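Visitor: This is entry04.cif (mmCIF, C-alpha atoms).
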data_data
loop_
_atom_site.label_atom_id
_atom_site.label_comp_id
_atom_site.auth_asym_id
_atom_site.auth_seq_id
_atom_site.Cartn_x
_atom_site.Cartn_y
_atom_site.Cartn_z
CA MET V 1 -1.95 -14.12 -55.11
CA LYS V 2 -1.92 -13.27 -58.84
CA VAL V 3 -1.32 -15.93 -61.47
CA ARG V 4 -0.54 -15.46 -65.12
CA ARG V 5 0.17 -18.07 -67.74
CA SER V 6 2.71 -18.22 -70.50
CA ILE V 7 4.02 -20.92 -72.83
CA LEU V 8 7.71 -21.07 -73.47
CA ALA V 9 9.02 -22.75 -76.61
CA LEU V 10 12.11 -24.64 -75.51
CA CYS V 11 13.61 -25.54 -78.84
CA GLY V 12 17.25 -24.87 -78.08
CA VAL V 13 16.41 -22.38 -75.29
CA ILE V 14 17.38 -22.65 -71.61
CA ALA V 15 14.56 -21.44 -69.34
CA LEU V 16 15.15 -21.04 -65.59
CA SER V 17 18.14 -23.42 -65.65
CA TRP V 18 16.13 -26.16 -67.37
CA SER V 19 16.26 -27.31 -70.97
CA THR V 20 14.94 -30.12 -73.12
CA THR V 21 16.39 -31.92 -76.03
CA GLY V 22 14.60 -31.55 -79.29
CA CYS V 23 11.69 -29.32 -80.06
CA GLY V 24 8.92 -29.24 -77.49
CA SER V 25 6.95 -26.92 -75.28
CA ALA V 26 6.42 -26.42 -71.55
CA LEU V 27 3.97 -24.50 -69.43
CA THR V 28 5.05 -21.70 -67.11
CA LEU V 29 3.17 -20.83 -63.95
CA THR V 30 3.93 -17.37 -62.58
CA VAL V 31 2.85 -16.29 -59.11
CA GLU V 32 3.17 -12.64 -58.18
CA PRO V 33 2.92 -11.09 -54.70
CA GLY V 34 -0.73 -10.77 -53.72
CA GLU V 35 -2.64 -7.89 -52.24
CA PRO V 36 -3.85 -8.72 -48.72
CA GLN V 37 -7.42 -8.08 -47.71
CA PRO V 38 -7.91 -4.77 -45.89
CA PRO V 39 -8.48 -5.08 -42.15
CA GLU V 40 -11.94 -4.73 -40.66
CA LEU V 41 -11.95 -1.83 -38.22
CA LEU V 42 -14.84 -0.49 -36.14
CA PRO V 43 -13.70 2.58 -34.18
CA ALA V 44 -16.11 4.19 -31.70
CA PRO V 45 -16.55 8.01 -31.73
CA GLN V 46 -15.00 8.19 -28.25
CA LEU V 47 -11.72 6.90 -29.67
CA SER V 48 -11.10 10.29 -31.30
CA THR V 49 -12.38 12.30 -28.32
CA TYR V 50 -9.64 11.42 -25.90
CA ALA V 51 -6.02 10.43 -26.39
CA TYR V 52 -5.23 6.78 -25.71
CA ARG V 53 -1.47 6.39 -25.71
CA LYS V 54 -0.70 4.19 -22.71
CA VAL V 55 -2.05 0.74 -23.54
CA LEU V 56 -2.01 -2.55 -21.68
CA LEU V 57 -1.89 -5.68 -23.85
CA LEU V 58 -3.59 -8.91 -22.79
CA PRO V 59 -3.08 -12.19 -24.69
CA PRO V 60 -5.92 -14.46 -25.81
CA GLU V 61 -7.10 -16.68 -22.98
CA GLY V 62 -7.48 -19.64 -25.31
CA GLY V 63 -3.96 -19.48 -26.72
CA VAL V 64 -3.26 -19.89 -30.42
CA ALA V 65 -5.59 -21.98 -32.60
CA LEU V 66 -3.80 -24.10 -35.22
CA LYS V 67 -5.43 -26.08 -38.01
CA GLY V 68 -3.78 -27.98 -40.81
CA ILE V 69 -0.29 -26.65 -40.03
CA ASP V 70 2.74 -28.80 -40.75
CA VAL V 71 5.36 -26.01 -40.81
CA ALA V 72 7.64 -26.17 -37.77
CA ALA V 73 8.28 -22.40 -37.80
CA VAL V 74 4.54 -21.89 -37.32
CA LYS V 75 3.57 -24.76 -35.01
CA GLU V 76 6.15 -23.85 -32.38
CA LYS V 77 4.88 -20.30 -31.84
CA LYS V 78 3.04 -19.57 -28.59
CA SER V 79 0.96 -16.58 -27.54
CA SER V 80 4.08 -14.79 -26.28
CA PHE V 81 5.45 -14.67 -29.85
CA TYR V 82 2.39 -12.82 -31.16
CA MET V 83 2.21 -10.49 -28.15
CA SER V 84 5.87 -9.60 -28.59
CA LYS V 85 5.28 -8.78 -32.26
CA LEU V 86 2.22 -6.72 -31.36
CA GLU V 87 4.17 -4.80 -28.71
CA LYS V 88 6.97 -3.96 -31.16
CA VAL V 89 4.50 -2.77 -33.82
CA MET V 90 2.66 -0.58 -31.31
CA LEU V 91 5.89 0.89 -29.95
CA ALA V 92 6.95 1.70 -33.50
CA GLN V 93 3.64 3.55 -33.96
CA GLY V 94 4.25 5.67 -30.84
CA PHE V 95 2.13 3.87 -28.25
CA GLU V 96 3.39 3.47 -24.70
CA VAL V 97 3.01 -0.24 -23.97
CA ILE V 98 2.93 -1.41 -20.38
CA SER V 99 5.56 -4.09 -19.83
CA SER V 100 4.59 -7.72 -19.35
CA GLU V 101 6.29 -7.73 -15.92
CA VAL V 102 3.93 -5.02 -14.68
CA VAL V 103 0.96 -6.94 -16.07
CA ALA V 104 2.08 -10.15 -14.36
CA ARG V 105 2.38 -8.41 -11.00
CA ALA V 106 -1.04 -6.80 -11.38
CA ALA V 107 -2.61 -10.13 -12.38
CA LYS V 108 -1.60 -11.65 -9.04
CA SER V 109 -3.49 -9.01 -7.10
CA LYS V 110 -6.53 -10.01 -5.06
CA GLY V 111 -9.85 -10.22 -6.85
CA SER V 112 -8.75 -10.65 -10.48
CA GLY V 113 -8.67 -14.44 -10.66
CA LYS V 114 -12.37 -15.28 -11.19
CA LEU V 115 -13.40 -12.48 -13.54
CA SER V 116 -14.42 -12.60 -17.18
CA ALA V 117 -11.86 -11.57 -19.78
CA ALA V 118 -13.36 -8.07 -20.13
CA GLU V 119 -13.67 -7.58 -16.35
CA LYS V 120 -10.12 -8.76 -15.81
CA ALA V 121 -8.93 -6.39 -18.53
CA LEU V 122 -10.52 -3.41 -16.78
CA VAL V 123 -9.16 -4.39 -13.36
CA LEU V 124 -5.63 -4.79 -14.72
CA GLY V 125 -5.96 -1.60 -16.78
CA LYS V 126 -6.83 0.46 -13.72
CA GLN V 127 -4.13 -1.16 -11.60
CA THR V 128 -1.49 -0.34 -14.20
CA GLN V 129 -2.92 3.16 -14.84
CA ALA V 130 -3.39 2.47 -18.55
CA ASP V 131 -5.50 4.70 -20.80
CA ALA V 132 -6.88 1.63 -22.56
CA VAL V 133 -6.62 -2.14 -22.66
CA MET V 134 -6.16 -4.04 -25.89
CA LEU V 135 -7.68 -7.45 -25.37
CA VAL V 136 -6.50 -9.92 -28.00
CA GLN V 137 -9.46 -12.22 -28.55
CA THR V 138 -8.23 -14.76 -31.08
CA VAL V 139 -5.07 -15.70 -32.91
CA SER V 140 -5.54 -18.52 -35.39
CA VAL V 141 -3.39 -20.05 -38.11
CA ARG V 142 -4.77 -22.31 -40.83
CA GLY V 143 -2.94 -24.26 -43.44
CA GLN V 144 -4.47 -23.77 -46.88
CA SER V 145 -3.85 -24.64 -50.51
CA ARG V 146 -4.71 -23.12 -53.86
CA TYR V 147 -4.98 -25.20 -57.01
CA PHE V 148 -4.39 -24.02 -60.56
CA ALA V 149 -5.10 -25.57 -63.91
CA VAL V 150 -2.49 -24.44 -66.43
CA ASP V 151 -2.80 -25.14 -70.14
CA GLU V 152 -2.50 -23.46 -73.50
CA VAL V 153 -6.01 -22.09 -73.39
CA GLN V 154 -6.41 -20.57 -69.98
CA ASN V 155 -5.31 -20.44 -66.37
CA ARG V 156 -7.97 -21.27 -63.83
CA GLU V 157 -8.06 -21.43 -60.07
CA VAL V 158 -9.96 -24.52 -58.99
CA GLU V 159 -11.87 -24.66 -55.71
CA ALA V 160 -10.57 -27.20 -53.25
CA SER V 161 -13.92 -29.00 -53.21
CA HIS V 162 -13.41 -29.87 -56.90
CA VAL V 163 -9.95 -31.35 -56.39
CA VAL V 164 -9.11 -35.05 -56.12
CA THR V 165 -5.74 -36.50 -55.18
CA ASP V 166 -4.52 -39.87 -56.42
CA GLU V 167 -2.39 -42.39 -54.56
CA ASP V 168 0.78 -40.83 -55.95
CA GLY V 169 -0.13 -37.46 -54.43
CA LEU V 170 -0.98 -35.84 -57.78
CA HIS V 171 -3.91 -33.46 -57.94
CA PHE V 172 -6.65 -33.40 -60.59
CA GLU V 173 -9.82 -31.49 -61.26
CA ARG V 174 -12.77 -33.76 -60.58
CA GLU V 175 -14.85 -32.83 -63.65
CA THR V 176 -12.15 -32.51 -66.32
CA GLU V 177 -9.46 -34.78 -64.82
CA GLN V 178 -6.97 -32.08 -65.77
CA CYS V 179 -3.79 -32.00 -63.68
CA LEU V 180 -3.44 -29.20 -61.15
CA VAL V 181 -0.63 -27.33 -59.45
CA ARG V 182 -0.98 -27.10 -55.66
CA LEU V 183 0.44 -24.07 -53.91
CA PRO V 184 0.31 -24.44 -50.10
CA HIS V 185 0.24 -21.44 -47.79
CA TYR V 186 -0.91 -20.55 -44.31
CA GLU V 187 -3.27 -17.81 -43.23
CA VAL V 188 -2.97 -15.91 -39.94
CA SER V 189 -6.08 -14.32 -38.42
CA PHE V 190 -5.96 -11.79 -35.61
CA GLU V 191 -8.90 -10.27 -33.70
CA ALA V 192 -8.75 -7.73 -30.87
CA LYS V 193 -10.74 -5.02 -29.17
CA MET V 194 -9.73 -2.01 -27.11
CA LEU V 195 -11.54 -0.87 -23.95
CA ASP V 196 -11.54 2.42 -22.07
CA THR V 197 -10.17 1.54 -18.62
CA ARG V 198 -12.34 4.18 -16.91
CA THR V 199 -15.73 3.51 -18.43
CA GLY V 200 -15.35 0.01 -19.87
CA ALA V 201 -16.63 1.33 -23.20
CA VAL V 202 -15.48 -0.49 -26.33
CA LEU V 203 -13.28 1.96 -28.22
CA TRP V 204 -12.28 -0.15 -31.19
CA VAL V 205 -12.76 -3.60 -32.68
CA GLY V 206 -10.35 -4.82 -35.32
CA SER V 207 -9.56 -7.96 -37.25
CA ALA V 208 -7.17 -8.76 -40.05
CA ARG V 209 -5.90 -11.68 -42.08
CA SER V 210 -2.68 -12.27 -43.91
CA ASN V 211 -1.18 -15.27 -45.63
CA SER V 212 2.28 -16.25 -46.68
CA ALA V 213 1.40 -15.71 -50.34
CA ASP V 214 0.79 -12.01 -49.61
CA VAL V 215 4.37 -11.36 -48.56
CA ILE V 216 6.35 -13.03 -51.35
CA GLN V 217 9.19 -10.67 -52.11
CA ASP V 218 9.81 -11.88 -55.67
CA THR V 219 7.64 -13.37 -58.36
CA TRP V 220 7.74 -17.17 -58.31
CA GLU V 221 8.00 -18.89 -61.68
CA ALA V 222 7.82 -22.61 -62.33
CA GLU V 223 8.18 -24.69 -65.47
CA LEU V 224 5.69 -27.56 -65.66
CA ASP V 225 5.39 -30.68 -67.76
CA ASP V 226 2.13 -32.07 -69.10
CA ASP V 227 1.42 -33.74 -65.74
CA CYS V 228 1.78 -30.41 -63.86
CA THR V 229 5.00 -31.60 -62.25
CA VAL V 230 7.36 -28.74 -61.41
CA LEU V 231 10.51 -29.19 -63.45
CA ALA V 232 12.26 -25.97 -62.45
CA GLU V 233 11.58 -22.91 -60.34
CA ASN V 234 13.41 -19.66 -59.76
CA PHE V 235 13.34 -20.29 -56.00
CA ARG V 236 12.09 -23.21 -53.96
CA TYR V 237 8.56 -22.36 -52.91
CA ALA V 238 8.58 -25.08 -50.22
CA ASP V 239 11.69 -23.58 -48.63
CA TYR V 240 10.12 -20.13 -48.70
CA GLN V 241 7.07 -21.47 -46.85
CA ALA V 242 9.19 -23.10 -44.16
CA GLN V 243 11.43 -20.12 -43.40
CA GLU V 244 11.22 -18.39 -40.04
CA GLY V 245 11.52 -15.04 -41.77
CA THR V 246 8.48 -15.73 -43.94
CA TYR V 247 6.28 -16.24 -40.92
CA ASP V 248 7.73 -13.23 -39.08
CA ASN V 249 7.04 -11.09 -42.13
CA THR V 250 3.50 -12.44 -42.46
CA VAL V 251 2.62 -11.66 -38.83
CA THR V 252 4.37 -8.26 -38.73
CA THR V 253 2.67 -7.18 -41.97
CA LEU V 254 -0.72 -8.19 -40.60
CA LEU V 255 -0.26 -6.30 -37.33
CA GLY V 256 1.07 -3.22 -39.08
CA ARG V 257 -2.07 -2.98 -41.25
CA LEU V 258 -4.19 -3.35 -38.12
CA ILE V 259 -2.42 -0.89 -35.78
CA LYS V 260 -1.46 1.94 -38.13
CA PRO V 261 -5.05 3.22 -38.64
CA LEU V 262 -5.75 2.69 -34.93
CA ARG V 263 -2.90 5.00 -34.02
CA LYS V 264 -4.29 7.83 -36.14
CA ALA V 265 -7.62 7.81 -34.28
CA ALA V 266 -6.20 7.05 -30.82
CA PHE V 267 -3.85 10.06 -30.89
CA GLU V 268 -6.36 12.63 -32.19
CA GLY V 269 -8.09 13.49 -28.92
CA GLU V 270 -7.09 15.54 -25.92
CA PRO V 271 -5.61 13.96 -22.79
CA ARG V 272 -8.30 12.57 -20.52
CA ASP V 273 -6.78 14.26 -17.49
CA PRO V 274 -4.46 17.10 -18.45
CA PRO V 275 -1.45 17.23 -16.17
CA PRO V 276 -1.93 19.62 -13.23
CA PRO V 277 0.16 22.78 -13.15
CA PRO V 278 3.40 22.31 -11.31
CA LYS V 279 3.19 23.06 -7.63
CA VAL V 280 5.11 26.09 -6.43
CA VAL V 281 6.94 25.02 -3.33
CA GLU V 282 7.85 27.95 -1.14
CA LYS V 283 11.10 27.49 0.65
CA PRO V 284 10.82 28.01 4.39
CA PRO V 285 12.80 30.95 5.77
CA PRO V 286 16.21 30.02 7.07
CA PRO V 287 16.32 29.40 10.80
CA PRO V 288 17.72 32.25 12.89
CA PRO V 289 21.39 31.89 13.64
CA GLU V 290 22.10 30.21 16.90
CA GLU V 291 23.37 32.47 19.62
CA PRO V 292 26.86 31.49 20.69
CA LYS V 293 26.98 29.70 23.98
CA PRO V 294 28.63 31.74 26.74
CA GLN V 295 32.13 30.75 27.71
CA MET V 296 32.26 29.59 31.30
CA ALA V 297 35.06 29.41 33.84
CA THR V 298 35.47 27.98 37.33
CA VAL V 299 37.18 29.85 40.16
CA SER V 300 40.27 27.88 41.20
CA ALA V 301 41.67 30.13 43.94
CA LYS V 302 40.36 29.84 47.48
CA ARG V 303 39.34 33.50 47.65
CA ALA V 304 39.73 35.16 44.25
CA SER V 305 39.45 38.92 43.86
CA LEU V 306 36.88 40.52 41.56
CA ARG V 307 38.25 44.00 40.66
CA LEU V 308 36.86 47.08 38.96
CA GLY V 309 39.42 46.87 36.09
CA PRO V 310 42.06 44.63 34.52
CA GLY V 311 44.92 45.02 36.98
CA LYS V 312 45.80 44.79 40.63
CA SER V 313 45.89 48.57 40.82
CA HIS V 314 42.11 48.60 40.44
CA LYS V 315 40.02 48.45 43.53
CA ARG V 316 38.68 45.06 44.61
CA LYS V 317 34.89 44.90 44.41
CA MET V 318 34.49 41.62 46.21
CA ARG V 319 35.91 38.15 46.72
CA VAL V 320 34.56 35.10 44.88
CA PRO V 321 34.65 31.71 46.56
CA ARG V 322 36.42 28.71 45.06
CA LYS V 323 34.48 26.51 42.60
CA ALA V 324 32.08 29.32 41.78
CA LYS V 325 30.95 29.44 38.13
CA VAL V 326 31.47 32.67 36.22
CA GLU V 327 30.70 33.73 32.64
CA VAL V 328 33.65 35.08 30.63
CA LEU V 329 32.67 38.30 28.85
CA GLU V 330 35.97 39.67 27.59
CA THR V 331 39.71 39.01 27.66
CA MET V 332 42.51 41.52 28.04
CA GLY V 333 45.97 39.99 28.41
CA GLU V 334 46.04 37.93 31.62
CA TRP V 335 42.71 39.37 32.83
CA TYR V 336 39.17 38.17 32.20
CA LYS V 337 36.07 40.29 32.44
CA VAL V 338 33.49 38.00 34.05
CA LYS V 339 29.93 37.98 35.37
CA ILE V 340 29.24 36.06 38.54
CA GLN V 341 25.96 34.33 39.40
CA ASP V 342 24.35 37.37 41.08
CA GLY V 343 25.02 39.49 37.97
CA THR V 344 27.97 41.43 39.29
CA VAL V 345 30.57 42.17 36.57
CA GLY V 346 34.29 42.63 37.23
CA TRP V 347 37.77 41.50 36.29
CA MET V 348 39.68 38.44 37.52
CA HIS V 349 43.26 37.29 36.91
CA ASP V 350 43.71 34.11 34.80
CA SER V 351 45.64 32.46 37.61
CA THR V 352 42.43 32.33 39.65
CA LEU V 353 40.29 30.72 36.91
CA ILE V 354 40.01 27.49 34.99
CA VAL V 355 38.45 28.44 31.63
CA ALA V 356 36.39 25.79 29.83
CA GLU V 357 37.44 24.98 26.29
#
Once more with this new file: its structure as structure tokens, please.

Guide:
Amino acid sequence: MKVRRSILALCGVIALSWSTTGCGSALTLTVEPGEPQPPELLPAPQLSTYAYRKVLLLPPEGGVALKGIDVAAVKEKKSSFYMSKLEKVMLAQGFEVISSEVVARAAKSKGSGKLSAAEKALVLGKQTQADAVMLVQTVSVRGQSRYFAVDEVQNREVEASHVVTDEDGLHFERETEQCLVRLPHYEVSFEAKMLDTRTGAVLWVGSARSNSADVIQDTWEAELDDDCTVLAENFRYADYQAQEGTYDNTVTTLLGRLIKPLRKAAFEGEPRDPPPPPKVVEKPPPPPPEEPKPQMATVSAKRASLRLGPGKSHKRKMRVPRKAKVEVLETMGEWYKVKIQDGTVGWMHDSTLIVAE
């Protein structure tokens, strides 16, 4: 949060929709978007050796720690809110995040209920076939305030330990009794570590902080009287603090600064287990065609003639008894070439046979 001071002469001039009658002066406090602290990152050499793309996310076991928070948009947030934001940021960076449903099913498996957080992370990581597990250790949110002395000589930030507040809620510097401007904000802290699911080795430890003053989109300007009371402002700072979008932006900005450098290292290495070459499946040879079943017929005449050729002019070879089974070999008009049970082949008239369909 950067602060600069200026003095506006308001003799006949309207400043930020506020004016005074007569000649006088007012103090202007200007707050510009701050520069957040860089994250603290401790990557292990192994992080760049192998590729870690498929990651399982585990929330902090202790939930979210809140201190000095009176903003409803902040107090109502549970662990699921932060894990959802983390998942979206990691997906945007190209990670493959294992869904919470898969994690919930794996967590119910036998043997994972009485383990430490790290042991449980490894068990769930292996069950879900993750490359790594990101174990969120702490998420904490603290309400804070910064105090500024604004006068014609200088602008000073006053430490909170040197601030006194009277019964009217006005703030003063203890030593000089000078009035102060209080700017409330909240700070979000996030700590996590990533483990190799195969070896249990710590791949990465990261932490970051971000506060609502870091993500102001526009410079905030306020006109103050001699008692440091805000007379006019270009936008209501209190409303900005209370907005849902302000908190979303604060958390998303924090996680982006944390995950972006992690992605660069996590994607540098080679796959731990390169995919095996595709198996060549040889198709079995087609089965041999089925031989057609022989057509059968039953002798219907009492004593049917089996002749040498298709016609009564051909010599009779033998007689075939009724109900005998014969195999039909060939058809010529009303005559059937057949083979009887002893292998003898001859011709029989259709009137002496009942041919099976």

Visitor: Name the residues captured by the PyMOL selection byres ((chain V and resi 78) around 12) when it is applied to the shown file; answer as a list in words.

Guide: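 Selected by the PyMOL selection byres ((chain V and resi 78) around 12) here: Pro59, Pro60, Glu61, Gly62, Gly63, Val64, Ala65, Leu66, Ala73, Val74, Lys75, Glu76, Lys77, Ser79, Ser80, Phe81, Tyr82, Met83, Ser84, Lys85, Val139, Ser140 and Val141 of chain V.
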
Visitor: Excluding range 245-255 of chain V and residues on its chain fewer than 5 positions from it, collect all residues at most 10 Å away from it, counting only C-alpha atoms, and give them as a PDB file with C-alpha atoms, keeping the file's coordinate frame.

Guide:
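Output contents, as saved in part22.pdb:
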ATOM      1  CA  PRO V  36      -3.850  -8.720 -48.720  1.00  0.00           C
ATOM      2  CA  GLN V  37      -7.420  -8.080 -47.710  1.00  0.00           C
ATOM      3  CA  PRO V  38      -7.910  -4.770 -45.890  1.00  0.00           C
ATOM      4  CA  PRO V  39      -8.480  -5.080 -42.150  1.00  0.00           C
ATOM      5  CA  VAL V  71       5.360 -26.010 -40.810  1.00  0.00           C
ATOM      6  CA  ALA V  73       8.280 -22.400 -37.800  1.00  0.00           C
ATOM      7  CA  VAL V  74       4.540 -21.890 -37.320  1.00  0.00           C
ATOM      8  CA  PHE V  81       5.450 -14.670 -29.850  1.00  0.00           C
ATOM      9  CA  TYR V  82       2.390 -12.820 -31.160  1.00  0.00           C
ATOM     10  CA  LYS V  85       5.280  -8.780 -32.260  1.00  0.00           C
ATOM     11  CA  LEU V  86       2.220  -6.720 -31.360  1.00  0.00           C
ATOM     12  CA  GLU V  87       4.170  -4.800 -28.710  1.00  0.00           C
ATOM     13  CA  LYS V  88       6.970  -3.960 -31.160  1.00  0.00           C
ATOM     14  CA  VAL V  89       4.500  -2.770 -33.820  1.00  0.00           C
ATOM     15  CA  MET V  90       2.660  -0.580 -31.310  1.00  0.00           C
ATOM     16  CA  TYR V 186      -0.910 -20.550 -44.310  1.00  0.00           C
ATOM     17  CA  GLU V 187      -3.270 -17.810 -43.230  1.00  0.00           C
ATOM     18  CA  VAL V 188      -2.970 -15.910 -39.940  1.00  0.00           C
ATOM     19  CA  SER V 189      -6.080 -14.320 -38.420  1.00  0.00           C
ATOM     20  CA  PHE V 190      -5.960 -11.790 -35.610  1.00  0.00           C
ATOM     21  CA  SER V 207      -9.560  -7.960 -37.250  1.00  0.00           C
ATOM     22  CA  ALA V 208      -7.170  -8.760 -40.050  1.00  0.00           C
ATOM     23  CA  ARG V 209      -5.900 -11.680 -42.080  1.00  0.00           C
ATOM     24  CA  SER V 210      -2.680 -12.270 -43.910  1.00  0.00           C
ATOM     25  CA  ASN V 211      -1.180 -15.270 -45.630  1.00  0.00           C
ATOM     26  CA  SER V 212       2.280 -16.250 -46.680  1.00  0.00           C
ATOM     27  CA  ALA V 213       1.400 -15.710 -50.340  1.00  0.00           C
ATOM     28  CA  ASP V 214       0.790 -12.010 -49.610  1.00  0.00           C
ATOM     29  CA  VAL V 215       4.370 -11.360 -48.560  1.00  0.00           C
ATOM     30  CA  ILE V 216       6.350 -13.030 -51.350  1.00  0.00           C
ATOM     31  CA  GLN V 217       9.190 -10.670 -52.110  1.00  0.00           C
ATOM     32  CA  ASP V 239      11.690 -23.580 -48.630  1.00  0.00           C
ATOM     33  CA  TYR V 240      10.120 -20.130 -48.700  1.00  0.00           C
ATOM     34  CA  LYS V 260      -1.460   1.940 -38.130  1.00  0.00           C
TER      35      LYS V 260
END

Visitor: Any idea what's packed within 8 Å of Lys337 in chain V, counting only C-alpha atoms, ignoring anything in its chain fewer than 3 positions away? Could you give it as a list of chain:residue names?

Guide: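 Near Lys337 in chain V, the qualifying residues are V:Pro310, V:Val328, V:Leu329, V:Glu330, V:Thr331, V:Met332, V:Val345, V:Gly346, V:Trp347, V:Met348.
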
Visitor: Report, in Å to a single decimal, how far apart CA of Leu122 in chain V and CA of Arg198 in chain V are.

Guide: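 Rounded to one decimal, the two atoms are 7.8 Å apart.
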
Visitor: I need the residue set behind the PyMOL selection byres ((chain V and resi 174) around 6) for this file; please write it as a list in words.

Guide: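 So the PyMOL selection byres ((chain V and resi 174) around 6), applied here, picks out His162, Val163, Val164, Glu173, Glu175, Thr176 and Glu177 of chain V.
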
Visitor: Considering only C-alpha atoms, can you say which of V:Lys120, V:Lys325, V:Arg142, V:His171 comes closest to Thr298 in chain V?

Guide: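 Nearest candidate to Thr298 in chain V out of V:Lys120, V:Lys325, V:Arg142, V:His171: V:Lys325.
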
Visitor: For a test of reading the model, state the distance in Å between CA of Lys67 in chain V and CA of Glu244 in chain V, rounded to one decimal.

Guide: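 Pair CA of Lys67 in chain V / CA of Glu244 in chain V returns 18.5 Å.
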
Visitor: Would you compute the distance between CA of Glu268 in chain V and CA of Ala132 in chain V? Give it in Å to one decimal.

Guide: 14.6 Å

Visitor: List as a count of residues only the protein and nucleic acid residues near Asp218 in chain V, meaning an atom at most 9 Å away when only C-alpha atoms are counted, but skip any in the same chain fewer than 4 places from it.

Guide: 3

Visitor: For a cut-off of 10 Å around (35.0, 36.8, 37.8), file coordinates, pick out all residues using all atoms listed in the file and list them as a ChimeraX atom specification.

Guide: /V:297-299,304-307,318-320,324-329,335-341,344-350,352-353

Visitor: Under the PyMOL selection byres ((chain V and resi 261) around 12), which residues of this model are included? Write them out as a PyMOL selection string.

Guide: chain V and resi 38-43+47-48+90+93+204-206+255-260+262-268
